[in-house]
Amino acid sequence: MPHPSARPEREPAEPVTPPAPPDSPAPGGPGDGPGGLLAAIFRYQSVVVILVALLGAMAIGAALIRYQGVNPWYAYETIFKQALFTSDGLTRTLAKTTPLILTGLAVVLPLRVGLFNIGGQGQFLLGAIAAAWAAYQTSALGVLAIVVGVVVGILFGAMVGSIAAILKTWRGVHEVITTIMLNNIAAGIVWWLVTGPFQAPNAGGIPQTHEIGEAARIPTVAGIPLGFGVAVVLALVCAWMLKRTTLGFRFDTVGKNRHAAGYAGIPINRVILLAMVFAGGLAGLAGALEVHGVMHHFEPAIAGTLGFDGITIALLARSNPLWTIPAGFLVGILRTGAAGLQFATGIAPEIVDLLLAITLLLVSIPVLGRWIFRSRAHKVSAASTSWGS
Amino acid sequence: MKAKRYLVAGTAAALAIGLSACGGSTGNSSSGGASGAPADDSQCSQTTVFCVGLVTDTGKVDDKSFNQSAHEGAKKAAAASNGYYKYIETQDAKDYAANIKQFTDKHYDVVITVGFMMTDATAAAAAANSTTKFIGVDQAFDKTKVTVKNVTGLLFPEDQAGYGAGYLAGLMTKTNKLGQVLGLEIPPVQKYAKGFEAGAKAANPAVTVSTVYHPAGDNAFNDPTWGAAEAKKALDQGADFVFGAGGNTGNGALQEVAKASGAGDTVFCIGVDTDQWDTVPAAQKCLITSATKLISAGVTDLVEKSKDNDFGGLVSMGKAGLAPYHAFDAKVPDTVKSKVSDIVKQMEAGTLKTGVTL
């Protein structure tokens with residue numbers, strides 16, 4: 001019997017599957033092929049794997065919550081209620097989702113080219129501090145200071161990203177090494193700036209920059225932070241770029257087989273540089289939006305773990321830009337609800353990170369997909385594409 | 001056959017979820033402690049029910065340091081007045097305001113916020129919630145910006161604790177060399193460090209003090225490896241007293257000194273913030289004393305005070321001092337002990353100034 005695994009390997013993560021290749025049984029068709037529902041399950045199996053992983057993680061989490069003497073239903077209900085249905089819960093969830101989508105995209109784009117960008121943290125930090133500084137310096141411009149801050153943030157993020165790309169293309173240094181090391185360099189520079197030249201003198205010795213002007217703050221309209229709109233639009237743009245443009249085709253081709261891409265005349269170095277510049281720009285933008293929309297100044301705690309969370313998002317989204325939106329939203333919900341969970345039940349808020357970690361573990365290892373789908377499993381592993389290339 | 005496998009998987013999943021669902025309370029686990037205290041915070045808006053809330057900075061209530069001391073003080077105060085106590089451990093610096101709001105939404109009487117990073121969030125919450133009292137541990141509020149009366153910052157004379165410790169080290173050092181291994185270069189740490197140096201020089205003008213602050217931002221208080229390496233350096237350069245001040249970073253320094261040859265005989269270490277004899281048992285071999293600030297007592301006092309009326313002002317000075325010598329009681333000469341306790345008394349009385357300015 002012909003089966004899907006005989007097909008040429010497709011893009012790592014493609015929930016919206018292109019039409020089935022001719023050699024596989026027509027979905028829902030007669031013969032020994034699976035029926036309508038099953039066929040749909042097989043086609044969207046990366047979604048199914050994620051859902052099963054989520055359920056599995058929540059089941060394990062439920063046992064742990066139960067072990068602490070709290071009703072798991074009540075706990076999960078509290079998380080979602082706090083994150084979605086309290087007075088400002090949804091707004092805060094969306095505000096948390098915004099940088100997650102962007103740092104997620106900052107991992108997704110290089111992943112499609114076969115690069116693993118672990119430098120989101122450093123790109124985010126430098127973008128954020130540069131944006132805070134530029135917006136403060138230009139606060140006389142009023143609303144235009146937003147544009148200045150955001151553009152400067154993107155540029156600085158992109159600059160950090162490009163360093164790793166240049167080292168990769170010219171000297172062949174693996175991007176995993178350089179991006180991790182650049183994270184430390186960025187943290188050092190940022191720390192020096194925020195305790196030195198950029199420190200606000202009226203902060204009482206606290207390492208933070210000046211507050212940006214009132215006009216330079218990105219507002220929340222009808223409970224939706226405008227930055228969230230920007231993030232969603234960019235996720236759509238990335239998806240469109242990858243699917244519908246020559247550049248996107250080049251990205252995927254280089255990611256699948258660099259040698260074939262080179263043979264076909266694709267300028268590999270330029271593609272690598274562009275992917276890392278886009279990635280750095282997106283992470284820098286995330287930092288700038290956090291400054292303009294949430295914090296209104298820079299302090300080192302602004303980054304939290306957002307840069308690394310991008311990796312979580314990208315793997316959950318199976319390196320599909322569109323899926324960074326629900327993935328980011330899910331993480332946003334969990335993070336927003338966590339504090340309310342502790343308030344209501346006393347359970348340490350780390351439980352949500354535990355849920356995410358278990359989910360990620362189940363998603364990233366191909367075992368689950370193979371266990372569910374056996375021979376019909378797609379050969380997907382977003383993470384594995386980046387190594388050894 | 002395939003269908004069977006899905007059936008098994010489905011059953012397993014259903015079982016797991018079903019199992020987790022059965023039993024369980026609705027989940028209120030925190031409590032005020034004393035009998036007769038309210039069982040939950042549903043009645044906090046009533047004047048007869050006293051509710052105390054605490055928000056940590058991005059740390060835990062069992063960090064053996066700052067957050068833990070404040071947590072214990074708050075818990076004790078709530079128990080003493082038959083009140084209800086609950087805390088939230090902040091995960092993300094952007095959540096400070098939201099976490100404080102959890103308590104104000106429930107009309108808590110007192111909310112304690114821990115750490116200088118929450119200064120702005122605390123001031124904003126105090127302005128918005130006039131019926132709730134706010135205590136900001138280690139927070140210096142700006143008089144020109146904060147005009148409400150329902151908030152106070154609990155500050156400590158760290159320089160006095162440092163001065164006392166430095167004075168002791170200055171009297172006892174044989175090599176005339178002291179080392180300081182410090183966390184982040186922020187005002188409270190600087191006050192400890194400068195006080196230590198001033199005290200040492202006052203006791204013994206010939207002494208030299210080498211001072212290192214942790215260079216990086218994100219883990220300055222949680223880098224015991226760096227702390228240990230710097231402590232080793234100080235010992236190699238001949239220092240016989242090492243003052244470790246900086247959370248876990250300082251703890252690393254203390255433990256390194258405890259491992260050195262001659263620990264407790266020729267080389268000693270001095271802890272910080274709390275009596276580290278209890279919190280870092282691994283350092284007991286060299287830990288002669290700790291420069292402490294009495295956070296728990298300060299928090300308890302202020303919570304008590306908040307019940308009556310407004311705080312005295314935006315600044316509430318807590319106490320700082322030296323922890324007991326414990327096992328080193330016999331090794332410290334009596335003349336040194338009496339000199340040090342004189343100095344500490346003079347500082348408390350205000351007759352001796354440390355001369356530390358930032």
# chains A, B, ... in the order shown; residues from 1 in each chain; ligands from 1
>>> interface_residues(of="chain A", to="chain B", cutoff="9 Å", atoms="only C-alpha atoms", output="VMD selection string")
chain A and resid 52 55 to 56 58 to 60 62 to 66 69 to 75 92 187 to 188 190 to 192 195 202 204 to 207 294 to 295 300 to 302 304 to 305 335 to 336 338 to 340 342 to 350 372
>>> write_last_selection(atoms="C-alpha atoms", output="PDB file, in the first residue's frame")
ATOM      1  CA  VAL A  52      -2.439  15.397  22.303  1.00  0.00           C
ATOM      2  CA  LEU A  55      -3.718  17.179  26.875  1.00  0.00           C
ATOM      3  CA  GLY A  56      -0.951  14.903  28.102  1.00  0.00           C
ATOM      4  CA  MET A  58      -2.349  18.958  31.399  1.00  0.00           C
ATOM      5  CA  ALA A  59      -3.073  15.443  32.646  1.00  0.00           C
ATOM      6  CA  ILE A  60       0.393  15.226  34.218  1.00  0.00           C
ATOM      7  CA  ALA A  62      -3.404  17.794  36.988  1.00  0.00           C
ATOM      8  CA  ALA A  63      -1.843  14.944  38.911  1.00  0.00           C
ATOM      9  CA  LEU A  64       0.773  17.315  40.342  1.00  0.00           C
ATOM     10  CA  ILE A  65      -1.846  19.897  41.274  1.00  0.00           C
ATOM     11  CA  ARG A  66      -3.973  17.200  42.865  1.00  0.00           C
ATOM     12  CA  GLY A  69      -4.305  19.186  47.575  1.00  0.00           C
ATOM     13  CA  VAL A  70      -6.010  21.379  45.022  1.00  0.00           C
ATOM     14  CA  ASN A  71      -8.731  20.391  42.602  1.00  0.00           C
ATOM     15  CA  PRO A  72      -7.119  20.462  39.118  1.00  0.00           C
ATOM     16  CA  TRP A  73     -10.325  21.550  37.396  1.00  0.00           C
ATOM     17  CA  TYR A  74     -10.555  24.487  39.756  1.00  0.00           C
ATOM     18  CA  ALA A  75      -6.904  25.311  39.123  1.00  0.00           C
ATOM     19  CA  ARG A  92      -2.825  41.721  29.970  1.00  0.00           C
ATOM     20  CA  ALA A 187      23.512  41.649  28.498  1.00  0.00           C
ATOM     21  CA  GLY A 188      26.877  43.109  29.477  1.00  0.00           C
ATOM     22  CA  VAL A 190      22.983  46.750  28.330  1.00  0.00           C
ATOM     23  CA  TRP A 191      23.974  46.512  31.973  1.00  0.00           C
ATOM     24  CA  TRP A 192      26.806  48.956  31.506  1.00  0.00           C
ATOM     25  CA  THR A 195      23.929  51.640  35.224  1.00  0.00           C
ATOM     26  CA  ASN A 202      16.080  60.511  39.455  1.00  0.00           C
ATOM     27  CA  GLY A 204      17.452  56.634  43.169  1.00  0.00           C
ATOM     28  CA  GLY A 205      20.227  54.335  42.044  1.00  0.00           C
ATOM     29  CA  ILE A 206      17.842  51.865  40.459  1.00  0.00           C
ATOM     30  CA  PRO A 207      19.183  50.614  37.131  1.00  0.00           C
ATOM     31  CA  VAL A 294       4.188  48.244  28.649  1.00  0.00           C
ATOM     32  CA  MET A 295       7.148  49.483  30.696  1.00  0.00           C
ATOM     33  CA  PRO A 300      16.983  44.801  32.597  1.00  0.00           C
ATOM     34  CA  ALA A 301      13.973  42.856  33.874  1.00  0.00           C
ATOM     35  CA  ILE A 302      12.023  43.926  30.778  1.00  0.00           C
ATOM     36  CA  GLY A 304      12.459  38.307  31.434  1.00  0.00           C
ATOM     37  CA  THR A 305      12.936  35.098  29.484  1.00  0.00           C
ATOM     38  CA  ARG A 335       1.593  33.227  32.260  1.00  0.00           C
ATOM     39  CA  THR A 336      -1.166  35.712  33.001  1.00  0.00           C
ATOM     40  CA  ALA A 338      -0.341  31.873  36.931  1.00  0.00           C
ATOM     41  CA  ALA A 339      -0.303  34.723  39.468  1.00  0.00           C
ATOM     42  CA  GLY A 340      -4.058  34.494  39.905  1.00  0.00           C
ATOM     43  CA  GLN A 342      -1.260  31.332  43.267  1.00  0.00           C
ATOM     44  CA  PHE A 343      -3.569  33.951  44.747  1.00  0.00           C
ATOM     45  CA  ALA A 344      -6.546  31.609  44.599  1.00  0.00           C
ATOM     46  CA  THR A 345      -4.918  28.303  45.508  1.00  0.00           C
ATOM     47  CA  GLY A 346      -1.414  28.904  46.806  1.00  0.00           C
ATOM     48  CA  ILE A 347       0.123  26.756  44.065  1.00  0.00           C
ATOM     49  CA  ALA A 348       3.511  28.111  42.965  1.00  0.00           C
ATOM     50  CA  PRO A 349       3.178  29.864  39.597  1.00  0.00           C
ATOM     51  CA  GLU A 350       5.969  27.739  38.132  1.00  0.00           C
ATOM     52  CA  ILE A 372      -0.088   7.896  17.061  1.00  0.00           C
TER      53      ILE A 372
END
>>> residues_around(residues="Phe328 in chain B", least_positions_apart="6", cutoff="10 Å", atoms="only C-alpha atoms", output="number ranges by chain")
B: 264-265, 284-289
>>> select_by_dssp(residues="range 145-357 of chain A", states="strand (DSSP E)", output="mmCIF file with C-alpha atoms, in the first residue's frame")
data_model
loop_
_atom_site.group_PDB
_atom_site.id
_atom_site.type_symbol
_atom_site.label_atom_id
_atom_site.label_comp_id
_atom_site.auth_asym_id
_atom_site.auth_seq_id
_atom_site.Cartn_x
_atom_site.Cartn_y
_atom_site.Cartn_z
ATOM 1 C CA THR A 220 -4.457 50.151 24.371
ATOM 2 C CA VAL A 221 -7.582 50.597 22.272
ATOM 3 C CA ILE A 224 -6.467 45.471 22.767
ATOM 4 C CA PRO A 225 -2.866 46.685 22.946
#
>>> closest_atom_pairs(of="range 142-237 of chain A", to="range 123-136 of chain A", cutoff="9 Å", atoms="only C-alpha atoms", output="Markdown table")
| residue | atom | partner | partner_atom | distance |
| --- | --- | --- | --- | --- |
| A:Leu144 | CA | A:Ala135 | CA | 8.8 |
| A:Ala145 | CA | A:Ala135 | CA | 5.0 |
| A:Ile146 | CA | A:Ala135 | CA | 6.5 |
| A:Val147 | CA | A:Ala135 | CA | 8.4 |
| A:Val148 | CA | A:Ala135 | CA | 6.3 |
| A:Gly149 | CA | A:Ala131 | CA | 4.1 |
| A:Val150 | CA | A:Ala131 | CA | 6.0 |
| A:Val151 | CA | A:Ala131 | CA | 7.7 |
| A:Val152 | CA | A:Ala131 | CA | 5.6 |
| A:Gly153 | CA | A:Gly127 | CA | 3.9 |
| A:Ile154 | CA | A:Gly127 | CA | 6.1 |
| A:Leu155 | CA | A:Gly127 | CA | 7.4 |
| A:Phe156 | CA | A:Gly127 | CA | 5.1 |
| A:Gly157 | CA | A:Gln123 | CA | 4.4 |
| A:Ala158 | CA | A:Gln123 | CA | 7.3 |
| A:Met159 | CA | A:Gln123 | CA | 8.2 |
| A:Val160 | CA | A:Gln123 | CA | 5.7 |
| A:Gly161 | CA | A:Gln123 | CA | 6.7 |
| A:Leu182 | CA | A:Gln123 | CA | 8.5 |
| A:Asn183 | CA | A:Gln123 | CA | 7.5 |
| A:Ala186 | CA | A:Leu126 | CA | 6.4 |
| A:Ala187 | CA | A:Leu125 | CA | 7.2 |
| A:Ile189 | CA | A:Leu126 | CA | 8.3 |
| A:Val190 | CA | A:Leu126 | CA | 6.6 |
| A:Leu193 | CA | A:Ile129 | CA | 8.5 |
| A:Val194 | CA | A:Ile129 | CA | 8.2 |
| A:Phe198 | CA | A:Trp133 | CA | 7.2 |
| A:Thr209 | CA | A:Ala132 | CA | 7.3 |
| A:His210 | CA | A:Tyr136 | CA | 6.8 |
| A:Glu211 | CA | A:Tyr136 | CA | 7.1 |
| A:Ile212 | CA | A:Tyr136 | CA | 4.9 |
| A:Gly213 | CA | A:Tyr136 | CA | 6.7 |
| A:Ala216 | CA | A:Ala135 | CA | 7.0 |
>>> write_last_selection(atoms="N, CA and C atoms", output="short mmCIF file (atom, residue, chain, number, x, y, z; two decimals), in the first residue's frame")
data_model
loop_
_atom_site.label_atom_id
_atom_site.label_comp_id
_atom_site.auth_asym_id
_atom_site.auth_seq_id
_atom_site.Cartn_x
_atom_site.Cartn_y
_atom_site.Cartn_z
N LEU A 144 5.56 61.01 17.13
CA LEU A 144 6.58 60.53 16.20
C LEU A 144 7.71 59.80 16.93
N ALA A 145 7.85 60.07 18.23
CA ALA A 145 8.89 59.38 19.00
C ALA A 145 8.64 57.88 19.00
N ILE A 146 7.38 57.47 18.84
CA ILE A 146 7.08 56.04 18.74
C ILE A 146 7.79 55.46 17.53
N VAL A 147 7.63 56.17 16.40
CA VAL A 147 8.24 55.69 15.15
C VAL A 147 9.76 55.63 15.32
N VAL A 148 10.32 56.69 15.89
CA VAL A 148 11.77 56.72 16.07
C VAL A 148 12.22 55.54 16.93
N GLY A 149 11.56 55.38 18.08
CA GLY A 149 11.95 54.31 19.00
C GLY A 149 11.84 52.95 18.35
N VAL A 150 10.72 52.72 17.66
CA VAL A 150 10.50 51.39 17.07
C VAL A 150 11.53 51.11 15.98
N VAL A 151 11.79 52.12 15.13
CA VAL A 151 12.75 51.90 14.05
C VAL A 151 14.15 51.65 14.62
N VAL A 152 14.53 52.44 15.61
CA VAL A 152 15.86 52.26 16.22
C VAL A 152 15.94 50.88 16.88
N GLY A 153 14.86 50.48 17.55
CA GLY A 153 14.84 49.16 18.18
C GLY A 153 15.03 48.06 17.15
N ILE A 154 14.31 48.15 16.04
CA ILE A 154 14.43 47.14 14.99
C ILE A 154 15.86 47.10 14.46
N LEU A 155 16.43 48.30 14.22
CA LEU A 155 17.77 48.36 13.65
C LEU A 155 18.81 47.72 14.58
N PHE A 156 18.70 48.02 15.87
CA PHE A 156 19.69 47.46 16.80
C PHE A 156 19.53 45.95 16.92
N GLY A 157 18.28 45.49 16.98
CA GLY A 157 18.06 44.05 17.01
C GLY A 157 18.65 43.39 15.77
N ALA A 158 18.36 44.00 14.62
CA ALA A 158 18.84 43.45 13.35
C ALA A 158 20.36 43.44 13.30
N MET A 159 20.96 44.46 13.90
CA MET A 159 22.41 44.52 13.91
C MET A 159 23.00 43.33 14.67
N VAL A 160 22.42 43.05 15.84
CA VAL A 160 22.92 41.91 16.62
C VAL A 160 22.73 40.62 15.83
N GLY A 161 21.55 40.50 15.19
CA GLY A 161 21.30 39.29 14.41
C GLY A 161 22.30 39.16 13.27
N LEU A 182 26.53 36.04 21.93
CA LEU A 182 26.08 37.43 21.76
C LEU A 182 25.04 37.81 22.83
N ASN A 183 24.29 36.83 23.30
CA ASN A 183 23.35 37.12 24.39
C ASN A 183 24.09 37.68 25.59
N ALA A 186 25.44 41.17 24.79
CA ALA A 186 24.37 42.16 24.83
C ALA A 186 23.99 42.47 26.26
N ALA A 187 23.89 41.43 27.10
CA ALA A 187 23.51 41.65 28.50
C ALA A 187 24.54 42.54 29.19
N ILE A 189 26.63 44.77 27.72
CA ILE A 189 26.54 46.14 27.20
C ILE A 189 25.35 46.86 27.82
N VAL A 190 24.21 46.15 27.82
CA VAL A 190 22.98 46.75 28.33
C VAL A 190 23.15 47.11 29.80
N LEU A 193 25.22 50.18 30.12
CA LEU A 193 24.48 51.38 29.72
C LEU A 193 23.48 51.80 30.80
N VAL A 194 22.77 50.81 31.35
CA VAL A 194 21.65 51.16 32.23
C VAL A 194 22.14 51.52 33.64
N PHE A 198 23.03 55.69 30.43
CA PHE A 198 21.59 55.81 30.19
C PHE A 198 20.77 55.84 31.47
N THR A 209 16.20 53.39 32.80
CA THR A 209 16.38 54.60 32.01
C THR A 209 15.25 55.57 32.31
N HIS A 210 15.33 56.74 31.69
CA HIS A 210 14.27 57.75 31.81
C HIS A 210 12.94 57.19 31.31
N GLU A 211 11.84 57.68 31.91
CA GLU A 211 10.52 57.39 31.36
C GLU A 211 10.41 58.09 29.99
N ILE A 212 9.81 57.40 29.04
CA ILE A 212 9.59 58.06 27.75
C ILE A 212 8.37 58.98 27.89
N GLY A 213 8.23 59.91 26.95
CA GLY A 213 7.14 60.89 27.05
C GLY A 213 5.77 60.24 26.97
N ALA A 216 4.64 59.22 23.61
CA ALA A 216 5.38 58.15 22.95
C ALA A 216 4.94 56.77 23.43
#
>>> closest_residue(among="B:Ala200, B:Leu154, B:Leu54, B:Ala127", to="Gly318 in chain B", atoms="only C-alpha atoms")
B:Leu154
>>> residues_around(residues="Ser162 in chain A", least_positions_apart="6", cutoff="8 Å", atoms="only C-alpha atoms", output="ChimeraX atom specification")
/A:273,276-277,280
>>> select_by_dssp(residues="range 49-228 of chain A", states="helix (DSSP H, G or I)", output="MDAnalysis selection string")
chainID A and resid 49:67 72:85 89:113 120:137 139:141 144:171 175:195 201:203 214:216 226:228
>>> closest_residue(among="B:Gly179, B:Gly321, B:Pro205, B:Gly298", to="Leu254 in chain B", atoms="only C-alpha atoms")
B:Gly179
